[in-house]
Each structure stands twice: as C-alpha cells, then as structure tokens.
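Asker: This is the structure I want to talk about, given as structure tokens.
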Amino acid sequence: MARVKVLSLGEMADVERQLEPSFDVLRVTGPGIEGALAAHGPAIRAVATRGRDRIGEEMLARLPALEMIANYGVGYDSIDVEAARRRGLVVTNTPEVLNDEVADLAMALLLATVRQIPQADRFVRSGGWLQGNFPLG
C-alpha cells in the first residue's frame, strides 16, 4: 500500500523528521511549489506549512485528494479557511504555543525600558564609562 503523500511547504526539517517514518514527505520551497503541484498535486493528501505560503482557492483546486492542512503556527492568516471548509478539509494550527514566550519577551522589554538597558549598553560600548558614570535618572 502506498504511503500518504504530504506536501511540506518551506523549511521544516524538525517536522519532516517526525513525519518521514510514516508518510511520503515532499518538501518544496518558494518557486518549487508550482512544479511540485504539477507533478504531484493529484496524489497529495495533506499539506504541512508554517504559514509563509498562501494556500488559497487556486492551490486547493490543484490538490483534489487533499484532506487536511496542518499549520505549524498560531493563526490561519495564509490559509483560505472558507475555501477549505467548502471542500470539507481539516485545518489545524497550534494555538497558544507562543503564549509563554510572548509573556517573557513583554517582561524583558519592560525591564529593558525601565532600566534603560539599551542606552546603558551603548554607553559602555562607546567608551562613555571612561568619562563618567551612566546617568541613572
């Protein structure tokens, strides 16, 4: 029995390593998408993406066997969800996967702003510390 063919859009080596034992993974990037769709479109049953390539009505029309789109990202910005719904496709994403990282970054930016870390860094790198202390107020 033939393995399910998955179209992997973009650079996703980590995801592909997990898929390859069970699926026939076809990796394409940028301009290679057109050739891959022409050669393999009718056999592709799933698309894995990080959301950088548009998956719209035109691409979906070239994937008649498609059953699902797995977006390894938070939203669906690059996917025509309504067109996918009309075709009965399953569309997935990874909601909340970045919540902790966004909170960490927000706190780091807050501290950097309040404590003037970028300004102090420039002061030290420019040699300003040789002339006196960094103004703290």
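Ordering of the structure tokens sets the chain letters (A, B, ...); residue numbers start at 1 within each chain; ligands are numbered from 1 in the order shown.
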Can you tell me which residues surround Thr29 (chain A) at a distance of at most 8 Å, considering only C-alpha atoms, apart from same-chain residues fewer than 4 positions away, and format the answer as a list in words?
Answerer: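 The residues satisfying every condition are Leu9, Gly10, Glu11 and Ile33 of chain A.
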Asker: Would you output that residue set with N, CA and C atoms, as a PDB file, in the first residue's frame?
Answerer:
```pdb
ATOM      1  N   LEU A   9       5.564  22.664   2.963  1.00  0.00           N
ATOM      2  CA  LEU A   9       5.884  23.970   2.388  1.00  0.00           C
ATOM      3  C   LEU A   9       6.893  24.704   3.254  1.00  0.00           C
ATOM      4  N   GLY A  10       8.051  24.998   2.697  1.00  0.00           N
ATOM      5  CA  GLY A  10       9.063  25.750   3.423  1.00  0.00           C
ATOM      6  C   GLY A  10      10.027  24.856   4.178  1.00  0.00           C
ATOM      7  N   GLU A  11      10.859  25.498   4.979  1.00  0.00           N
ATOM      8  CA  GLU A  11      11.873  24.796   5.761  1.00  0.00           C
ATOM      9  C   GLU A  11      11.275  24.328   7.079  1.00  0.00           C
ATOM     10  N   ILE A  33       7.121  25.280  -5.674  1.00  0.00           N
ATOM     11  CA  ILE A  33       5.742  24.870  -5.408  1.00  0.00           C
ATOM     12  C   ILE A  33       5.004  24.550  -6.702  1.00  0.00           C
TER      13      ILE A  33
END
```
Asker: With DSSP run on the backbone, what are the strand (DSSP E) residues within region 14-113 of chain A? I'd like them as a PyMOL selection string.
Answerer: chain A and resi 24-28+44-49+68-71+90-92
Asker: Excluding same-chain residues fewer than 3 positions from Ala48 (chain A), what lies within 9 Å of it counting only C-alpha atoms, as a count of residues only?
Answerer: 14
Asker: Identify which of the residues A:Lys5, A:Arg17, A:Arg87, A:Arg115 lies closest to Pro64 (chain A), counting only C-alpha atoms when measuring atom-to-atom distances.
Answerer: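 Between A:Lys5, A:Arg17, A:Arg87, A:Arg115, the residue approaching Pro64 (chain A) most closely is A:Arg87.
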Asker: Using only C-alpha atoms for the distances, tell me which of A:Arg122, A:Asp100, A:Leu66, A:Ala13 is nearest to Ile44 (chain A).
Answerer: A:Leu66
Asker: For Ala36 (chain A), which residue out of A:Leu110, A:Leu63, A:Leu19, A:Leu136 is the nearest one, using only C-alpha atoms?
Answerer: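 Going through A:Leu110, A:Leu63, A:Leu19, A:Leu136 one by one, the smallest distance to Ala36 (chain A) is for A:Leu63.
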Asker: Could you pull out the residues in chain A that DSSP calls helix (DSSP H, G or I) from the backbone, as a PyMOL selection string?
Answerer: chain A and resi 13-19+32-43+57-61+81-86+99-114+117-125+128-130
Asker: Have a look at A:Leu111, A:Met59, A:Val90, A:Ala2 and name the one nearest to Ala46 (chain A); count only C-alpha atoms.
Answerer: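 Among the listed residues, A:Val90 lies closest to Ala46 (chain A).
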Asker: What gap, in Å, lies between CA of Ala120 (chain A) and CA of Ala108 (chain A)?
Answerer: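 Distance reported for this atom pair: 15.2 Å.
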Asker: Which residue, A:Val114, A:Val25, A:Ala61, A:Ala43, has the smallest gap to Ala84 (chain A) when you use only C-alpha atoms?
Answerer: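 Counting only C-alpha atoms, the residue closest to Ala84 (chain A) is A:Ala61.
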Asker: Contacts of Phe134 (chain A) at 8 Å or less, counting only C-alpha atoms, minus same-chain residues fewer than 5 places along, as an NGL selection string?
Answerer: :A and (120 or 123 or 128-129)
Asker: Taking only C-alpha atoms into account, which of A:Arg50, A:Arg62, A:His40, A:Arg45 comes nearest Gly75 (chain A)?
Answerer: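 When distances to Gly75 (chain A) are compared using only C-alpha atoms, the smallest one comes from A:Arg50.
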Asker: Applying 9 Å and only C-alpha atoms, which residues near Ser22 (chain A) remain after dropping the ones on its own chain fewer than 4 positions away? List them as a PyMOL selection string.
Answerer: chain A and resi 3-4+18
Asker: Now that the selection is made, can you save its residues with C-alpha atoms as a PDB file, in the first residue's frame?
Answerer:
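After the write, part-v7.pdb holds the following:
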```
ATOM      1  CA  ARG A   3       2.172   5.828   1.846  1.00  0.00           C
ATOM      2  CA  VAL A   4       0.194   9.052   2.203  1.00  0.00           C
ATOM      3  CA  GLN A  18       8.727  13.286  12.593  1.00  0.00           C
TER       4      GLN A  18
END
```
Asker: When you draw a straight line from CA of Ala106 (chain A) to CA of Gly127 (chain A), how long is it in Å?
Answerer: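 We find that CA of Ala106 (chain A) and CA of Gly127 (chain A) lie 29.4 Å from each other.
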